[in-house]
Each structure stands twice: as C-alpha cells, then as structure tokens.
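Engineer: Structure incoming, see below.
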Amino acid sequence: MADVIAVAGEALVDVVPAPAEGYFEFAPGGSPANVAVGLARLDVPARMLARLGTDLLGRRLRAHLADNGVDLSHVVEATEASSLAIVEVGPDGVADYDFRIDGTADWQWRPEELSGVLDDVVAVHSGSLALTQKPGAGVLRELLAKAAATATISYDPNARPRLMGDPAAVLPGVYELLAIADVVKVSDEDLRWLLPGTPPGEILDDWLTRGPALVAVTLGGEGVLAGTSSGLRTSTPGRAVEVVDTVGAGDSFSAALLAGLHRRDLLGPARRAALREIAPLPLDEVLEECVTAASITCSRRGAQPPTATDLAEALGR
C-alpha cells in the first residue's frame, strides 16, 4: 500500500510530574514518535523509523507504538540505552524540557539501518533533535534528501535550546532542510529562538521562498498563521480550552496537518503542484483540524493526541 507516512527520529521517555505532588511518572514521548502515534490514531498508516533500545524503557516505547497501530517493521533494535526527557510544567501549562541523551539509542544511526525504509511511502516526516544530534543527524538528513524524489517531505524544527546550542549555528541547517521540505510546521516559540525580533509573518514569507509548498506557524493559544508558495496567506484562531499541559500539542498539530493533506490526496511527488495551489477553503479546513487536535492534546496530561473520532466530535462532523 503506497500511502504510508514514515516518521523518522527519536522515541524517548518523558519524565513528567505525576498527579501526586512531588512525584514523577514515566510516559512515552519524543516529537517524531508522538507524530507517528497521532497519525495512527487519525487512521493514517504510520511507519516509525527509530532506534529503540532493548532496555525496560525501550520495550515500553515499542509496546506503546505497537498498541497504537504504528508500523514497527523498520525499527532498529538498538543496544544503547533509551533517552530521557525531564519535563517541567509551568503554572500556565507550558512545558520546559531537560534531557539525558549522552550515548543513547536515538542518535546512533548508520546508513545501512535505513535500507528499504521508503518502500510504499507517500510522505516522510522528521524534525527536532533527530536532525541535530550527532552522529545520526547526518544520516537522517541524507534520508530526507533521498526521499524527496519519491515522497512529500514534512519538517518541524521543534527547537530544544538546551541541546541545540547557538541558534545562529542551527539556522543554516534549518535552511538546508527547508530547501527539500514540502510541508513545514514551526512554532512561534521556535522562531523567537531562531530569529529573535523578526515577526512571524515576515519569516513565513521568507521561508516560502526557500522551497516549501506550505508553511504553518503555530501561535500557541492564538492559533496558526499559514501560507503557500503560490501566494495564499491565511490564519485560523485558537480554540478555548482548559490547558492541562502543552506536552505533545505541536506534534498533534503536525499529525493532523499530514492526515488532513493525506485525506485530500495532496501527498506524494505527483501532487506537489496541487499542494502548492491548494485553495483557501480546503487549507482552512485542514488548519481548523490541526488547531482542534492540538487543543484536545492540551486538555490532557502528556502527549495524548486525539483519535479520528475525538477530532470529528470536537469539530461537530
């Protein structure tokens, strides 16, 4: 079946505050893994390209992905330990992250581990730490460059300042990926770190000249600003919701964006022209789905993306 969306990158464990004050609990996480789960819950065939450890945490990550219907046929069984992200949630529900990733499984990619992973794939999504952490980042970047010939490329910078270092050093790598990406989702928080002082609309216009057909800039509770390389510009307001935390909200947005384009037959190299020329109404419909999916995730503890039924009910469809 040639409509699979592959997601390449980290599947790690979030150490998150537990309901009991002063305690923490372990939860499946990692931006790419969250996107894969989000796609599967939206009834889109999703294939995870990850290196999962054989330790206790790695086994739990594997079970979580499998239980959500994610294809694990190309997951690498890694000998290294699983990665950890320690999550702090502020009074406003916004999450901050600290990491324990030295020598862990997610970043040790070798080219031969990715043989055959693009078979039957209509789109490839990646981003965040997997595309910046050595030694594996270069291997995944080469995979995306190769995949561009046969699949839509989706990219989310998903900046993690504590690990990525100097934004001025990171930005050239972002621009390299924009040159091969078709769909880009980026948050205003990412942009404030990468390009401080530059308005999101100005960055949107610039990034659309660098290669992508579609760029969406998420604005937290304010919604999303988006545009296409054909000149369309639009925005969708946020949805009022009682925020529990923002963990995984951006990943749910990315999953809904790809799922919406998938349902409208706008993925794959043969559909690049159609994606660039997407009309205002279908784009606004897709963005409403994305904002709604993200808001549902914000109303839940941890990275819990909605199912297709959850999303349809919230949209009144």
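Residues in the structure tokens are numbered from 1 in each chain, the chains being A, B, ... in the order shown, and ligands are numbered from 1 in the order shown.
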Pro32 in chain A: which residues within 12 Å, counting only C-alpha atoms, same-chain residues fewer than 4 positions away excluded, as an NGL selection string?

Structural biologist: :A and (5-12 or 28 or 36-39 or 46-51 or 65 or 70 or 106 or 124-131 or 154-158 or 248 or 250-252 or 254-255 or 303)

Engineer: Determine, for each residue of range 222-283 of chain A having at least one atom at most 9 Å from an atom of range 89-92 of chain A, the closest pair of atoms and their separation in Å to one decimal, counting only C-alpha atoms; order by chain and ascending number, as CSV.

Structural biologist:
```
residue,atom,partner,partner_atom,distance
A:Val243,CA,A:Asp92,CA,7.4
A:Val244,CA,A:Asp92,CA,8.3
A:Asp245,CA,A:Val89,CA,6.7
A:Thr246,CA,A:Val89,CA,8.3
A:Val247,CA,A:Val89,CA,8.6
```

Engineer: Please list as a list of chain:residue names every residue within 10 Å of Arg59 in chain A, counting only C-alpha atoms and excluding residues in the same chain fewer than 6 positions away.

Structural biologist: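 What passes the distance filter is A:Leu52, A:Gly53, A:Glu77, A:Ser82.
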
Engineer: What's the 6 Å shell around Ala123 in chain A, counting only C-alpha atoms, without same-chain residues fewer than 3 positions away, as number ranges by chain?

Structural biologist: A: 5, 151-153

Engineer: Generate the output file for the selected residues, C-alpha atoms, as a PDB file, in the first residue's frame.

Structural biologist:
```pdb
ATOM      1  CA  ILE A   5       3.632   8.130   6.110  1.00  0.00           C
ATOM      2  CA  ALA A 151       7.712  11.325  -1.227  1.00  0.00           C
ATOM      3  CA  THR A 152       6.426  14.538   0.322  1.00  0.00           C
ATOM      4  CA  ILE A 153       8.879  15.814   2.946  1.00  0.00           C
TER       5      ILE A 153
END
```

Engineer: Name all residues at most 12 Å from Gly221 in chain A (count only C-alpha atoms; drop same-chain ones fewer than 6 positions away) and give them as a list in words.

Structural biologist: Asp92, Gly93, Val94, Ser187, Asp188, Thr236, Pro237, Gly238, Arg239, Ala240, Val241, Glu242, Val243, Thr246, Ala249, Gly250, Val291, Thr292, Ala294, Ser295 and Cys298 of chain A

Engineer: Please produce a file of the residues just selected, as a compact mmCIF listing (two decimals), in the first residue's frame, where the atoms kept are N, CA and C atoms.

Structural biologist:
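selection.txt, written as the output of this step:
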```
# COMPACT_ATOMS: atom_id res chain seq x y z
N ASP A 92 1.06 27.95 33.70
CA ASP A 92 0.22 28.13 32.52
C ASP A 92 0.10 26.87 31.68
N GLY A 93 0.71 25.77 32.15
CA GLY A 93 0.65 24.52 31.42
C GLY A 93 1.73 24.35 30.38
N VAL A 94 2.56 25.37 30.17
CA VAL A 94 3.61 25.30 29.17
C VAL A 94 4.76 24.43 29.69
N SER A 187 6.76 26.52 15.36
CA SER A 187 6.06 27.32 16.38
C SER A 187 6.66 28.71 16.47
N ASP A 188 5.86 29.65 16.96
CA ASP A 188 6.39 31.00 17.18
C ASP A 188 7.48 30.99 18.24
N THR A 236 -5.94 30.91 11.28
CA THR A 236 -7.03 30.24 11.97
C THR A 236 -6.89 30.54 13.46
N PRO A 237 -7.96 30.99 14.11
CA PRO A 237 -7.84 31.31 15.54
C PRO A 237 -7.68 30.06 16.38
N GLY A 238 -7.19 30.25 17.60
CA GLY A 238 -7.09 29.15 18.53
C GLY A 238 -8.45 28.77 19.08
N ARG A 239 -8.50 27.63 19.77
CA ARG A 239 -9.73 27.17 20.41
C ARG A 239 -9.58 27.30 21.92
N ALA A 240 -10.61 27.85 22.56
CA ALA A 240 -10.58 27.98 24.01
C ALA A 240 -10.60 26.61 24.67
N VAL A 241 -9.67 26.37 25.55
CA VAL A 241 -9.58 25.08 26.22
C VAL A 241 -8.91 25.28 27.57
N GLU A 242 -9.28 24.47 28.54
CA GLU A 242 -8.60 24.48 29.82
C GLU A 242 -7.31 23.68 29.68
N VAL A 243 -6.18 24.38 29.72
CA VAL A 243 -4.89 23.75 29.44
C VAL A 243 -4.41 22.98 30.65
N THR A 246 1.02 21.48 27.73
CA THR A 246 1.20 21.61 26.28
C THR A 246 2.06 20.50 25.70
N ALA A 249 1.46 18.96 22.04
CA ALA A 249 0.45 19.69 21.28
C ALA A 249 0.92 19.99 19.86
N GLY A 250 2.16 20.44 19.73
CA GLY A 250 2.68 20.72 18.40
C GLY A 250 2.77 19.47 17.54
N VAL A 291 -5.62 22.83 14.59
CA VAL A 291 -5.79 23.60 15.82
C VAL A 291 -6.64 22.83 16.82
N THR A 292 -7.66 22.15 16.33
CA THR A 292 -8.53 21.38 17.20
C THR A 292 -7.78 20.20 17.81
N ALA A 294 -4.58 19.95 18.36
CA ALA A 294 -3.63 20.47 19.35
C ALA A 294 -4.35 20.86 20.64
N SER A 295 -5.53 21.46 20.51
CA SER A 295 -6.27 21.89 21.70
C SER A 295 -6.73 20.69 22.52
N CYS A 298 -3.82 19.57 24.52
CA CYS A 298 -3.56 20.49 25.64
C CYS A 298 -4.51 20.24 26.81
```

Engineer: Using only C-alpha atoms, can you tell me which of A:Gly136, A:Gly268, A:Gly231, A:Pro161 comes closest to Asp98 in chain A?

Structural biologist: A:Pro161

Engineer: Between A:Asp55, A:Asp120, A:Asp67, A:Asp14, which has the minimum distance to Ala85 in chain A (counting only C-alpha atoms)?

Structural biologist: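 Of A:Asp55, A:Asp120, A:Asp67, A:Asp14, the one nearest Ala85 in chain A, counting only C-alpha atoms, is A:Asp14.
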
Engineer: Report the residues of range 27-72 of chain A whose backbone DSSP state falls under strand (DSSP E), written as JSON, numbers by chain.

Structural biologist: {"A": [27, 28, 29, 46, 47, 48, 49, 51, 52, 53]}

Engineer: Mind listing the alpha helix (DSSP H) residues of range 183-277 of chain A, per DSSP on the backbone, as a PyMOL selection string?

Structural biologist: chain A and resi 188-194+200-207+249-263+272-276

Engineer: Give me the residues near Ile86 in chain A as a list of chain:residue names, where near means some atom within 8 Å (using only C-alpha atoms) and where sequence neighbours in that chain fewer than 3 positions away do not count.

Structural biologist: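 Result of the neighbour search: A:Asp14, A:Val15, A:Val16, A:Tyr97, A:Asp98, A:Phe99, A:Arg100.
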
Engineer: Could the residues in this selection be saved with C-alpha atoms as a PDB file, in the first residue's frame?

Structural biologist:
```
ATOM      1  CA  ASP A  14       9.256  11.756  29.195  1.00  0.00           C
ATOM      2  CA  VAL A  15       9.660  12.038  32.954  1.00  0.00           C
ATOM      3  CA  VAL A  16       6.613  14.148  33.794  1.00  0.00           C
ATOM      4  CA  TYR A  97      12.450  20.173  28.850  1.00  0.00           C
ATOM      5  CA  ASP A  98      15.770  18.914  30.152  1.00  0.00           C
ATOM      6  CA  PHE A  99      17.425  15.852  28.612  1.00  0.00           C
ATOM      7  CA  ARG A 100      19.629  12.858  29.399  1.00  0.00           C
TER       8      ARG A 100
END
```

Engineer: Calculated over only C-alpha atoms, which of the candidates A:Ile203, A:Pro280, A:Arg271, A:Ala256 has the smallest distance to Leu42 in chain A?

Structural biologist: A:Ala256
